[in-house]
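Asks: One structure, as C-alpha cells, below. Some questions next.
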Amino acid sequence: MSVAIRTSQNVFVEYEPASIGDRILAAMTDYLVIFGWALFVLGIPASLKITPGTFYTALLLLPALFYDLLLEWLLNGRSVGKIAMGIRVVMLDGSQPGLGAYLLRWLLRMIESVVFMGGIVPIITVAVNGKGQRLGDIAAGTTVVKVKPAISLDDVLIQPLPENYTVQFPDIRVLTDRDMGIVRQSLYQGDEGILMRTADKIKEVTGVQSSLSNRAFLETVVSDYQFITTQ
C-alpha cells in the first residue's frame with residue numbers, strides 16, 4: 001500500500017505509510033524519553049532533599065504534556081521516536097504541515113492515548129484507514145510515512161558528461177532546481193506510474209515533445225539540465 005501526495009508542482013509522489021508497528025515503537029520510544037525526563041526532574045529535589053513545589057510540578061508536567069506538539073512542530077513532523085523509526089508527519093495535499101495541523105493531531109491524541117480504552121482506538125483507525133491515518137491525522141489532513149533515505153548522486157543518475165555533450169531539450173531551461181529534485185526523486189523511486197506523470201508534467205511545462213520512454217526522457221532532462229546549469 002502507498003499514499004500518493006500531490007506536490008506544489010502538481011506532481012504525485014508516492015510514499016509508504018508507516019506501519020502500525022513503526023508507530024507503536026515510535027510512541028514507546030517517546031514514552032521512554034518522557035519517563036527519563038520525569039526521573040531527571042524528580043531527582044533534582046530528591047538530591048537536594050527538598051519537597052517538590054509548583055515549579056517542579058510545572059517543569060515535570062508541561063514538557064510531558066506538550067512533548068508531541070512541540071517536537072513535531074520544531075522537528076518538521078518528527079519526534080524522537082519518529083526519528084528513531086524513520087517516519088514523519090506529512091500533509092496529504094503536499095503542503096508543509098503547520099502549527100494548526102500539529103495542534104489538531106495533539107488535541108485528538110488525548111482521546112487516543114493508552115488511558116482511553118487502552119489505546120486501541122488509533123490502532124483500529126490506522127488499520128482500517130486506507131491512508132494510515134489515526135483520528136488526529138484525519139482531522140488535520142495528515143498521515144505518517146516512512147522517510148526515504150537521502151538521495152545520492154548515483155541514485156539521482158547524475159553522471160559525468162562528455163565534453164562534446166549535445167543538449168537535446170534546450171527548452172528545459174525554464175525548469176528550476178526544485179523541479180529537477182522532483183524528476184530525480186521520480187527516477188529514484190522507479191515506479192512507472194510516477195515516471196509517466198512526471199514526464200507528462202515536464203512536457204506540459206516546457207512544451208517539449210519526445211518519443212523516448214518516460215525513464216529515458218527524464219534521464220535526458222537531468223543530463224541536459226546538468227549540462228546547461230554548469231556551463
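Ligands are numbered from 1 in the order shown, residues from 1 within each chain, and chains are lettered A, B, ... in the order they appear in the C-alpha cells.
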Using only C-alpha atoms, which residues sit within 12 Å of stretch 102-116 of chain A once same-chain residues fewer than 4 positions away are excluded, as number ranges by chain?
Replies: A: 24, 27-28, 31, 65-79, 88-91, 96-98, 120-126, 133-144
Asks: Would you write out those residues with N, CA and C atoms, as a CSV table (one decimal), in the first residue's frame?
Replies:
chain,number,residue,atom,x,y,z
A,24,ILE,N,3.8,2.3,16.8
A,24,ILE,CA,3.8,1.8,18.2
A,24,ILE,C,5.2,1.9,18.8
A,27,ALA,N,6.0,5.5,19.5
A,27,ALA,CA,5.3,6.0,20.6
A,27,ALA,C,6.0,5.5,21.9
A,28,MET,N,6.4,4.2,21.9
A,28,MET,CA,7.1,3.7,23.1
A,28,MET,C,8.4,4.4,23.4
A,31,TYR,N,7.6,7.6,24.9
A,31,TYR,CA,7.2,7.5,26.3
A,31,TYR,C,8.5,7.3,27.2
A,65,LEU,N,3.4,17.1,28.7
A,65,LEU,CA,2.1,17.3,28.1
A,65,LEU,C,2.2,17.8,26.7
A,66,PHE,N,3.1,18.7,26.4
A,66,PHE,CA,3.3,19.3,25.1
A,66,PHE,C,4.4,18.7,24.3
A,67,TYR,N,4.9,17.6,24.7
A,67,TYR,CA,6.0,16.9,24.0
A,67,TYR,C,5.7,16.7,22.5
A,68,ASP,N,4.6,16.0,22.2
A,68,ASP,CA,4.4,15.7,20.8
A,68,ASP,C,4.1,16.9,20.0
A,69,LEU,N,3.4,17.8,20.5
A,69,LEU,CA,3.1,19.1,19.7
A,69,LEU,C,4.3,19.8,19.4
A,70,LEU,N,5.2,20.1,20.4
A,70,LEU,CA,6.3,20.9,20.2
A,70,LEU,C,7.4,20.3,19.4
A,71,LEU,N,7.6,19.0,19.6
A,71,LEU,CA,8.7,18.3,18.8
A,71,LEU,C,8.2,18.2,17.3
A,72,GLU,N,7.0,17.8,17.1
A,72,GLU,CA,6.6,17.7,15.7
A,72,GLU,C,6.6,19.0,15.0
A,73,TRP,N,6.3,20.1,15.7
A,73,TRP,CA,6.3,21.4,15.1
A,73,TRP,C,7.8,21.9,14.9
A,74,LEU,N,8.6,21.6,15.8
A,74,LEU,CA,10.0,22.1,15.7
A,74,LEU,C,10.9,21.2,14.9
A,75,LEU,N,10.6,19.9,14.8
A,75,LEU,CA,11.4,19.0,14.1
A,75,LEU,C,10.8,18.5,12.8
A,76,ASN,N,9.9,19.3,12.2
A,76,ASN,CA,9.4,19.0,10.8
A,76,ASN,C,8.6,17.7,10.8
A,77,GLY,N,7.7,17.6,11.7
A,77,GLY,CA,6.8,16.4,11.7
A,77,GLY,C,7.4,15.2,12.4
A,78,ARG,N,8.4,15.3,13.2
A,78,ARG,CA,9.1,14.2,13.8
A,78,ARG,C,9.2,14.4,15.3
A,79,SER,N,9.2,13.3,16.1
A,79,SER,CA,9.6,13.3,17.5
A,79,SER,C,10.8,12.4,17.6
A,88,ARG,N,7.7,10.2,9.6
A,88,ARG,CA,7.4,11.6,9.9
A,88,ARG,C,6.0,11.9,9.4
A,89,VAL,N,5.5,13.1,9.9
A,89,VAL,CA,4.2,13.5,9.6
A,89,VAL,C,4.2,14.3,8.3
A,90,VAL,N,3.3,14.1,7.3
A,90,VAL,CA,3.2,14.9,6.1
A,90,VAL,C,1.7,15.2,5.9
A,91,MET,N,1.5,16.3,5.1
A,91,MET,CA,0.2,16.7,4.7
A,91,MET,C,-0.2,15.9,3.4
A,96,GLN,N,3.4,22.0,3.5
A,96,GLN,CA,4.1,21.8,4.7
A,96,GLN,C,3.2,21.8,5.9
A,97,PRO,N,3.2,20.8,6.7
A,97,PRO,CA,2.3,20.9,7.9
A,97,PRO,C,2.6,22.1,8.8
A,98,GLY,N,1.5,22.8,9.2
A,98,GLY,CA,1.7,24.0,10.0
A,98,GLY,C,1.3,23.7,11.5
A,120,ILE,N,-6.6,1.5,22.0
A,120,ILE,CA,-7.0,0.6,20.9
A,120,ILE,C,-7.6,1.4,19.8
A,121,VAL,N,-8.1,2.7,20.1
A,121,VAL,CA,-8.7,3.5,19.1
A,121,VAL,C,-7.8,3.8,17.9
A,122,PRO,N,-6.6,4.4,18.1
A,122,PRO,CA,-5.8,4.7,17.0
A,122,PRO,C,-5.3,3.5,16.2
A,123,ILE,N,-5.1,2.4,16.9
A,123,ILE,CA,-4.7,1.1,16.3
A,123,ILE,C,-5.7,0.7,15.3
A,124,ILE,N,-7.0,0.7,15.7
A,124,ILE,CA,-8.1,0.3,14.8
A,124,ILE,C,-8.2,1.3,13.6
A,125,THR,N,-8.1,2.5,13.9
A,125,THR,CA,-8.3,3.6,12.9
A,125,THR,C,-7.2,3.5,11.8
A,126,VAL,N,-6.0,3.3,12.3
A,126,VAL,CA,-4.9,3.2,11.3
A,126,VAL,C,-5.0,1.9,10.5
A,133,GLN,N,-4.1,6.6,8.6
A,133,GLN,CA,-4.4,7.8,9.4
A,133,GLN,C,-5.1,7.3,10.7
A,134,ARG,N,-4.7,8.0,11.8
A,134,ARG,CA,-5.5,7.9,13.0
A,134,ARG,C,-6.5,9.1,13.0
A,135,LEU,N,-7.3,9.2,14.1
A,135,LEU,CA,-8.3,10.2,14.1
A,135,LEU,C,-7.7,11.6,14.0
A,136,GLY,N,-6.6,11.8,14.7
A,136,GLY,CA,-5.9,13.1,14.6
A,136,GLY,C,-5.4,13.4,13.2
A,137,ASP,N,-4.9,12.4,12.5
A,137,ASP,CA,-4.5,12.6,11.1
A,137,ASP,C,-5.7,13.0,10.2
A,138,ILE,N,-6.8,12.3,10.4
A,138,ILE,CA,-8.0,12.5,9.5
A,138,ILE,C,-8.4,14.0,9.7
A,139,ALA,N,-8.5,14.4,11.0
A,139,ALA,CA,-8.9,15.8,11.2
A,139,ALA,C,-7.9,16.8,10.7
A,140,ALA,N,-6.6,16.5,10.7
A,140,ALA,CA,-5.6,17.5,10.3
A,140,ALA,C,-5.3,17.4,8.8
A,141,GLY,N,-5.7,16.3,8.2
A,141,GLY,CA,-5.4,16.1,6.8
A,141,GLY,C,-3.9,15.6,6.6
A,142,THR,N,-3.5,14.9,7.6
A,142,THR,CA,-2.1,14.4,7.6
A,142,THR,C,-2.0,12.9,7.6
A,143,THR,N,-0.8,12.4,7.4
A,143,THR,CA,-0.6,10.9,7.7
A,143,THR,C,0.9,10.8,8.1
A,144,VAL,N,1.3,9.6,8.4
A,144,VAL,CA,2.7,9.4,8.8
A,144,VAL,C,3.3,8.4,7.8
Asks: Using DSSP on the backbone coordinates, identify the residues of chain A assigned to strand (DSSP E); present them as a ChimeraX atom specification.
Replies: /A:3-6,12-15,87-91,142-146
Asks: For the residues in that selection, give me C-alpha atoms as a PDB file, in the first residue's frame.
Replies:
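And here is the file that came out, result.pdb:
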ATOM      1  CA  VAL A   3      -0.035   7.080  -0.333  1.00  0.00           C
ATOM      2  CA  ALA A   4       0.093   9.450  -3.323  1.00  0.00           C
ATOM      3  CA  ILE A   5       0.814  13.038  -2.302  1.00  0.00           C
ATOM      4  CA  ARG A   6       0.470  15.900  -4.777  1.00  0.00           C
ATOM      5  CA  PHE A  12       2.289  12.973  -7.397  1.00  0.00           C
ATOM      6  CA  VAL A  13       4.925  11.364  -5.189  1.00  0.00           C
ATOM      7  CA  GLU A  14       4.141   8.041  -3.564  1.00  0.00           C
ATOM      8  CA  TYR A  15       5.143   7.245  -0.001  1.00  0.00           C
ATOM      9  CA  ILE A  87       8.953   8.137   9.942  1.00  0.00           C
ATOM     10  CA  ARG A  88       7.424  11.620   9.853  1.00  0.00           C
ATOM     11  CA  VAL A  89       4.153  13.520   9.559  1.00  0.00           C
ATOM     12  CA  VAL A  90       3.206  14.881   6.112  1.00  0.00           C
ATOM     13  CA  MET A  91       0.193  16.672   4.680  1.00  0.00           C
ATOM     14  CA  THR A 142      -2.071  14.414   7.580  1.00  0.00           C
ATOM     15  CA  THR A 143      -0.591  10.942   7.651  1.00  0.00           C
ATOM     16  CA  VAL A 144       2.664   9.394   8.836  1.00  0.00           C
ATOM     17  CA  VAL A 145       5.002   7.971   6.205  1.00  0.00           C
ATOM     18  CA  LYS A 146       8.348   6.267   6.052  1.00  0.00           C
TER      19      LYS A 146
END
Asks: Would you mind telling me which residue in A:Val167, A:Leu60, A:Leu175, A:Val80 lies nearest to A:Thr206 when using only C-alpha atoms?
Replies: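 Among the listed residues, the smallest separation from A:Thr206 belongs to A:Leu175.
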Asks: Between atom CA of A:Asn214 and atom CA of A:Met196, what distance in Å does the model show, to one decimal?
Replies: 5.6 Å
Asks: Need the shell around A:Tyr225: protein/DNA/RNA residues with any atom at most 9 Å away, counting only C-alpha atoms. Skip same-chain ones fewer than 6 positions apart. Format as a PyMOL selection string?
Replies: chain A and resi 167+169-170+172-173+175+180
Asks: Closest to A:Leu161 among A:Ala26, A:Val128, A:Glu204, A:Asp224, using only C-alpha atoms?
Replies: A:Asp224
Asks: Report, in Å with one decimal, the straight-line distance from atom CA of A:Ile228 to atom CA of A:Asp179.
Replies: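 Value for the atom CA of A:Ile228-atom CA of A:Asp179 distance: 14.7 Å.
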Asks: Within 12 Å of A:Gly36, counting only C-alpha atoms, which residues show up once you throw out same-chain ones fewer than 5 positions away? Write them as a list in words, please.
Replies: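 So, after excluding close chain neighbours, the residues are Thr29, Asp30, Tyr31, Val41, Leu42, Gly43, Leu60, Pro63 and Ala64 of chain A.
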Asks: Could you turn the residues from that selection into a file that holds C-alpha atoms, as a short mmCIF file (atom, residue, chain, number, x, y, z; two decimals), in the first residue's frame?
Replies:
data_model
loop_
_atom_site.label_atom_id
_atom_site.label_comp_id
_atom_site.auth_asym_id
_atom_site.auth_seq_id
_atom_site.Cartn_x
_atom_site.Cartn_y
_atom_site.Cartn_z
CA THR A 29 10.36 5.44 22.43
CA ASP A 30 8.72 8.79 23.09
CA TYR A 31 7.22 7.46 26.33
CA VAL A 41 13.28 16.36 37.16
CA LEU A 42 12.14 14.40 40.22
CA GLY A 43 15.74 13.53 41.01
CA LEU A 60 7.64 17.92 35.07
CA PRO A 63 7.14 19.26 28.74
CA ALA A 64 5.45 15.88 29.03
#
Asks: Leaving out A:Phe227 and any residue of its chain fewer than 5 positions from it, which residues lie within 10 Å of it when counting only C-alpha atoms, given as number ranges by chain?
Replies: A: 160-163, 165-167, 221-222
Asks: For the selection just defined, write its residues with N, CA and C atoms to a file, as a short mmCIF file (atom, residue, chain, number, x, y, z; two decimals), in the first residue's frame.
Replies:
data_model
loop_
_atom_site.label_atom_id
_atom_site.label_comp_id
_atom_site.auth_asym_id
_atom_site.auth_seq_id
_atom_site.Cartn_x
_atom_site.Cartn_y
_atom_site.Cartn_z
N PRO A 160 29.08 12.03 -14.90
CA PRO A 160 29.93 12.95 -15.67
C PRO A 160 29.53 12.94 -17.14
N LEU A 161 29.45 14.11 -17.72
CA LEU A 161 29.05 14.23 -19.13
C LEU A 161 30.27 14.45 -20.01
N PRO A 162 30.25 13.93 -21.23
CA PRO A 162 31.37 14.14 -22.14
C PRO A 162 31.47 15.61 -22.55
N GLU A 163 32.67 16.06 -22.91
CA GLU A 163 32.87 17.46 -23.27
C GLU A 163 32.06 17.85 -24.51
N TYR A 165 29.09 16.85 -25.22
CA TYR A 165 27.68 16.55 -24.97
C TYR A 165 26.79 17.56 -25.69
N THR A 166 25.72 17.06 -26.32
CA THR A 166 24.77 17.91 -27.04
C THR A 166 23.44 17.90 -26.31
N VAL A 167 22.96 19.08 -25.98
CA VAL A 167 21.67 19.21 -25.30
C VAL A 167 20.55 18.86 -26.27
N VAL A 221 16.52 14.70 -19.58
CA VAL A 221 16.23 16.01 -18.99
C VAL A 221 17.23 16.32 -17.88
N VAL A 222 17.54 15.33 -17.04
CA VAL A 222 18.51 15.52 -15.97
C VAL A 222 19.88 15.87 -16.54
#
Asks: So that I can check the surroundings of A:Arg215, please list as a list in words every protein, DNA and RNA residue that reaches within 9 Å of it, counting only C-alpha atoms and ignoring chain neighbours fewer than 5 positions away.
Replies: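 Once the adjacent positions are removed, what remains is Leu187, Gly190, Glu192, Leu195, Met196, Ala199 and Thr220 of chain A.
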Asks: Could you give me the residues within stretch 42-221 of chain A that DSSP places in alpha helix (DSSP H), as an NGL selection string?
Replies: :A and (42-48 or 54-65 or 67-74 or 80-85 or 99-112 or 120-128 or 135-140 or 177-189 or 192-206 or 214-221)
